[in-house]
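Visitor: Handing you this structure, nothing more for now.
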Amino acid sequence: MPKKTTITLTSEERETLQALLASGHAPARTLTHARILLKADESEGGPAWRNAAIAAMLEVSEPTLSRVRQRFAAGGLEAALHRKAPEREWERSLDGAQEAHLMALACSEPPDGRKQWSLRLLAARMVVLEHGETLSHETVRRVLKRGTSSLG
């Protein structure tokens, strides 16, 4: 059985959580995490409920309770209430000029023997025209979808 992390809230933290719940203007996950923290509070006058009772009342899993407890212990109230923003940054396959070339190519006449451009054919032609080393048909689809939605 994993070791339970104790939650000890200050009076200010308890008031903050109660005000958050009273307003009701927060994402459901944030409100659930606030309820978890209030019920798990082991400070003087706190209810100090066990994980099983909190899980049954709030209809959440025990691993969720453990994660909220751990986040509170490691990072405080804000870390326990809100999700951490993803750290990964995605590099774009095409810059603005290359996207413009792709849009122009898609609007041009298809190659001989074809009635229209396919996504894979556009990706291959962009590589041949040296607008990138590799290019997937999915990237072409996303660029074209984004480009056509802004037209109008």
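Residues in the structure tokens are named by chain (A, B, ... in the order shown) and by number from 1 within that chain; ligands are numbered from 1 in the order shown.
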Counting only C-alpha atoms, what is within 10 Å of Thr8 in chain A, bar same-chain residues fewer than 2 positions away, as an MDAnalysis selection string?
Guide: chainID A and resid 5:6 10:11 13:14 37:38 40:44 46 48 72:73
Visitor: Would you export the selected residues with N, CA, C and O atoms as a compact mmCIF listing (two decimals), in the first residue's frame, please?
Guide:
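Wrote it out as selection.txt, contents follow:
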```txt
# COMPACT_ATOMS: atom_id res chain seq x y z
N THR A 5 0.22 10.73 1.73
CA THR A 5 0.77 12.06 1.97
C THR A 5 -0.25 12.86 2.76
O THR A 5 -1.41 12.95 2.36
N THR A 6 0.16 13.44 3.85
CA THR A 6 -0.78 14.19 4.68
C THR A 6 -1.00 15.59 4.10
O THR A 6 -0.09 16.22 3.58
N THR A 10 -3.65 25.62 5.66
CA THR A 10 -3.72 26.79 6.53
C THR A 10 -5.14 27.35 6.44
O THR A 10 -5.92 26.99 5.54
N SER A 11 -5.48 28.23 7.35
CA SER A 11 -6.82 28.81 7.32
C SER A 11 -7.03 29.62 6.03
O SER A 11 -8.13 29.62 5.47
N GLU A 13 -5.63 28.99 3.07
CA GLU A 13 -5.83 28.03 1.98
C GLU A 13 -7.24 27.45 2.03
O GLU A 13 -7.89 27.29 1.00
N ARG A 14 -7.72 27.14 3.24
CA ARG A 14 -9.07 26.60 3.39
C ARG A 14 -10.10 27.61 2.90
O ARG A 14 -11.04 27.26 2.18
N LEU A 37 -8.97 18.27 -1.46
CA LEU A 37 -8.08 18.89 -0.48
C LEU A 37 -8.82 19.24 0.81
O LEU A 37 -8.29 19.05 1.91
N LEU A 38 -10.03 19.74 0.68
CA LEU A 38 -10.80 20.11 1.87
C LEU A 38 -11.16 18.88 2.71
O LEU A 38 -11.08 18.91 3.94
N ALA A 40 -9.54 16.00 2.74
CA ALA A 40 -8.33 15.32 3.19
C ALA A 40 -7.55 16.13 4.23
O ALA A 40 -6.57 15.64 4.78
N ASP A 41 -8.00 17.34 4.49
CA ASP A 41 -7.28 18.25 5.39
C ASP A 41 -7.16 17.63 6.79
O ASP A 41 -8.17 17.31 7.44
N GLU A 42 -5.93 17.47 7.25
CA GLU A 42 -5.67 16.88 8.56
C GLU A 42 -5.23 17.91 9.59
O GLU A 42 -4.77 17.55 10.67
N SER A 43 -5.40 19.18 9.27
CA SER A 43 -5.06 20.21 10.25
C SER A 43 -6.14 20.23 11.34
O SER A 43 -7.17 19.57 11.22
N GLU A 44 -5.91 21.01 12.38
CA GLU A 44 -6.87 21.06 13.48
C GLU A 44 -8.21 21.57 12.96
O GLU A 44 -8.30 22.60 12.30
N GLY A 46 -9.95 20.05 10.71
CA GLY A 46 -10.18 19.50 9.37
C GLY A 46 -10.84 18.14 9.46
O GLY A 46 -10.69 17.42 10.46
N ALA A 48 -10.24 15.30 7.79
CA ALA A 48 -9.26 14.20 7.71
C ALA A 48 -9.89 12.90 7.24
O ALA A 48 -9.69 11.85 7.83
N PHE A 72 0.10 18.55 -3.99
CA PHE A 72 0.00 19.54 -2.92
C PHE A 72 1.27 19.54 -2.08
O PHE A 72 1.80 20.60 -1.75
N ALA A 73 1.77 18.36 -1.75
CA ALA A 73 2.98 18.26 -0.93
C ALA A 73 4.20 18.83 -1.67
O ALA A 73 5.04 19.50 -1.07
```
Visitor: Measuring atom to atom with only C-alpha atoms, identify which of A:Gln98, A:Ile54, A:His33, A:Ala106 is nearest to Arg71 in chain A.
Guide: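 Once distances to Arg71 in chain A are computed over only C-alpha atoms, the minimum belongs to A:His33.
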Visitor: Using only C-alpha atoms, pick whichever of A:Met57, A:Ile36, A:Val143, A:Ile7 has the shortest atom-to-atom distance to Ala97 in chain A.
Guide: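 The answer is A:Val143, which sits nearest to Ala97 in chain A.
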Visitor: Using only C-alpha atoms, which residue out of A:Ala80, A:Arg69, A:Thr148, A:Asp95 lies closest to Cys107 in chain A?
Guide: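 Closest candidate: A:Thr148.
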Visitor: With only C-alpha atoms as the counted atoms, please give the residues lying no more than 12 Å from Val127 in chain A, apart from itself and same-chain residues fewer than 2 positions off, as a list of chain:residue names.
Guide: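 Skipping anything fewer than 2 positions along the chain leaves A:Ser93, A:Leu94, A:Gln98, A:His101, A:Leu102, A:Arg120, A:Leu121, A:Leu122, A:Ala123, A:Ala124, A:Arg125, A:Leu129, A:Glu130, A:His131, A:Gly132, A:Glu133, A:Thr134, A:Leu135, A:Ser136, A:His137, A:Val140.
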Visitor: Got a sec: who's within 8 Å of range 58-65 of chain A, counting only C-alpha atoms, leaving out chain neighbours fewer than 5 positions off, as a CSV table (one decimal) with C-alpha atoms, in the first residue's frame?
Guide:
```csv
chain,number,residue,atom,x,y,z
A,32,THR,CA,-13.0,18.3,-7.6
A,36,ILE,CA,-10.4,16.5,-2.3
A,51,ASN,CA,-9.0,8.1,0.6
A,52,ALA,CA,-11.7,5.4,0.3
```
Visitor: Could you tell me how far CA of Ala28 in chain A lies from CA of Arg83 in chain A, in Å and to one decimal?
Guide: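 Separation of CA of Ala28 in chain A and CA of Arg83 in chain A: 12.2 Å.
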Visitor: How far is it from CA of Leu9 in chain A to CA of Gly76 in chain A, in Å with one decimal?
Guide: 9.7 Å
Visitor: Given the choices A:Lys4, A:Arg67, A:Arg50, A:His82, which gets closest to Pro27 in chain A if the distance is worked out from only C-alpha atoms?
Guide: A:His82
Visitor: Got a sec: who's within 12 Å of Pro110 in chain A, counting only C-alpha atoms, leaving out chain neighbours fewer than 5 positions off, as a VMD selection string?
Guide: chain A and resid 104 to 105 115 to 119 121 to 122 125
Visitor: Can you list every residue in range 9-68 of chain A that DSSP puts in helix (DSSP H, G or I), as a PyMOL selection string?
Guide: chain A and resi 11-23+28-40+51-58+62-68
Visitor: Output N, CA and C atoms for every residue in that selection, as a compact mmCIF listing (two decimals), in the first residue's frame.
Guide:
```txt
# COMPACT_ATOMS: atom_id res chain seq x y z
N SER A 11 -5.48 28.23 7.35
CA SER A 11 -6.82 28.81 7.32
C SER A 11 -7.03 29.62 6.03
N GLU A 12 -5.97 30.27 5.53
CA GLU A 12 -6.10 31.04 4.28
C GLU A 12 -6.35 30.11 3.10
N GLU A 13 -5.63 28.99 3.07
CA GLU A 13 -5.83 28.03 1.98
C GLU A 13 -7.24 27.45 2.03
N ARG A 14 -7.72 27.14 3.24
CA ARG A 14 -9.07 26.60 3.39
C ARG A 14 -10.10 27.61 2.90
N GLU A 15 -9.92 28.88 3.27
CA GLU A 15 -10.85 29.93 2.83
C GLU A 15 -10.81 30.10 1.31
N THR A 16 -9.62 30.02 0.73
CA THR A 16 -9.48 30.13 -0.72
C THR A 16 -10.24 29.01 -1.41
N LEU A 17 -10.09 27.79 -0.91
CA LEU A 17 -10.77 26.63 -1.52
C LEU A 17 -12.29 26.74 -1.35
N GLN A 18 -12.75 27.17 -0.18
CA GLN A 18 -14.19 27.32 0.04
C GLN A 18 -14.77 28.41 -0.84
N ALA A 19 -14.03 29.49 -1.04
CA ALA A 19 -14.49 30.57 -1.92
C ALA A 19 -14.55 30.09 -3.36
N LEU A 20 -13.57 29.29 -3.77
CA LEU A 20 -13.55 28.73 -5.12
C LEU A 20 -14.77 27.85 -5.35
N LEU A 21 -15.09 27.01 -4.36
CA LEU A 21 -16.25 26.13 -4.49
C LEU A 21 -17.55 26.92 -4.45
N ALA A 22 -17.61 27.96 -3.64
CA ALA A 22 -18.83 28.77 -3.54
C ALA A 22 -19.12 29.51 -4.83
N SER A 23 -18.05 29.96 -5.51
CA SER A 23 -18.26 30.69 -6.76
C SER A 23 -18.72 29.76 -7.87
N ALA A 28 -14.36 21.78 -13.83
CA ALA A 28 -14.84 20.71 -12.94
C ALA A 28 -13.68 20.02 -12.24
N ARG A 29 -12.58 19.80 -12.95
CA ARG A 29 -11.42 19.14 -12.35
C ARG A 29 -10.87 19.98 -11.20
N THR A 30 -10.81 21.28 -11.37
CA THR A 30 -10.30 22.17 -10.33
C THR A 30 -11.20 22.12 -9.10
N LEU A 31 -12.52 22.13 -9.32
CA LEU A 31 -13.46 22.06 -8.20
C LEU A 31 -13.35 20.72 -7.48
N THR A 32 -13.17 19.64 -8.24
CA THR A 32 -13.02 18.32 -7.63
C THR A 32 -11.75 18.26 -6.79
N HIS A 33 -10.66 18.80 -7.31
CA HIS A 33 -9.40 18.81 -6.57
C HIS A 33 -9.54 19.66 -5.30
N ALA A 34 -10.29 20.75 -5.37
CA ALA A 34 -10.52 21.57 -4.18
C ALA A 34 -11.29 20.78 -3.14
N ARG A 35 -12.31 20.05 -3.56
CA ARG A 35 -13.08 19.21 -2.63
C ARG A 35 -12.20 18.13 -2.00
N ILE A 36 -11.33 17.53 -2.82
CA ILE A 36 -10.42 16.51 -2.30
C ILE A 36 -9.54 17.10 -1.20
N LEU A 37 -8.97 18.27 -1.46
CA LEU A 37 -8.08 18.89 -0.48
C LEU A 37 -8.82 19.24 0.81
N LEU A 38 -10.03 19.74 0.68
CA LEU A 38 -10.80 20.11 1.87
C LEU A 38 -11.16 18.88 2.71
N LYS A 39 -11.54 17.80 2.06
CA LYS A 39 -11.91 16.58 2.80
C LYS A 39 -10.69 15.87 3.36
N ALA A 40 -9.54 16.00 2.74
CA ALA A 40 -8.33 15.32 3.19
C ALA A 40 -7.55 16.13 4.23
N ASN A 51 -8.91 8.11 2.11
CA ASN A 51 -9.01 8.11 0.64
C ASN A 51 -10.25 7.37 0.15
N ALA A 52 -10.56 6.23 0.75
CA ALA A 52 -11.71 5.44 0.30
C ALA A 52 -13.01 6.23 0.44
N ALA A 53 -13.17 6.96 1.53
CA ALA A 53 -14.38 7.74 1.75
C ALA A 53 -14.46 8.91 0.76
N ILE A 54 -13.34 9.57 0.53
CA ILE A 54 -13.32 10.69 -0.43
C ILE A 54 -13.62 10.17 -1.83
N ALA A 55 -13.00 9.04 -2.20
CA ALA A 55 -13.22 8.47 -3.53
C ALA A 55 -14.68 8.11 -3.73
N ALA A 56 -15.31 7.54 -2.71
CA ALA A 56 -16.73 7.17 -2.83
C ALA A 56 -17.62 8.41 -2.95
N MET A 57 -17.33 9.43 -2.15
CA MET A 57 -18.17 10.62 -2.16
C MET A 57 -18.04 11.40 -3.47
N LEU A 58 -16.81 11.58 -3.95
CA LEU A 58 -16.57 12.41 -5.14
C LEU A 58 -16.57 11.61 -6.44
N GLU A 62 -8.77 6.26 -6.47
CA GLU A 62 -7.75 6.48 -5.43
C GLU A 62 -6.43 6.99 -6.00
N PRO A 63 -6.01 6.54 -7.20
CA PRO A 63 -4.80 7.15 -7.77
C PRO A 63 -4.93 8.66 -7.99
N THR A 64 -6.12 9.13 -8.33
CA THR A 64 -6.35 10.57 -8.48
C THR A 64 -6.13 11.26 -7.15
N LEU A 65 -6.66 10.68 -6.09
CA LEU A 65 -6.47 11.25 -4.76
C LEU A 65 -4.99 11.31 -4.40
N SER A 66 -4.27 10.24 -4.69
CA SER A 66 -2.84 10.20 -4.39
C SER A 66 -2.08 11.27 -5.16
N ARG A 67 -2.43 11.44 -6.45
CA ARG A 67 -1.75 12.45 -7.26
C ARG A 67 -2.01 13.86 -6.73
N VAL A 68 -3.26 14.14 -6.33
CA VAL A 68 -3.57 15.47 -5.78
C VAL A 68 -2.80 15.69 -4.49
```
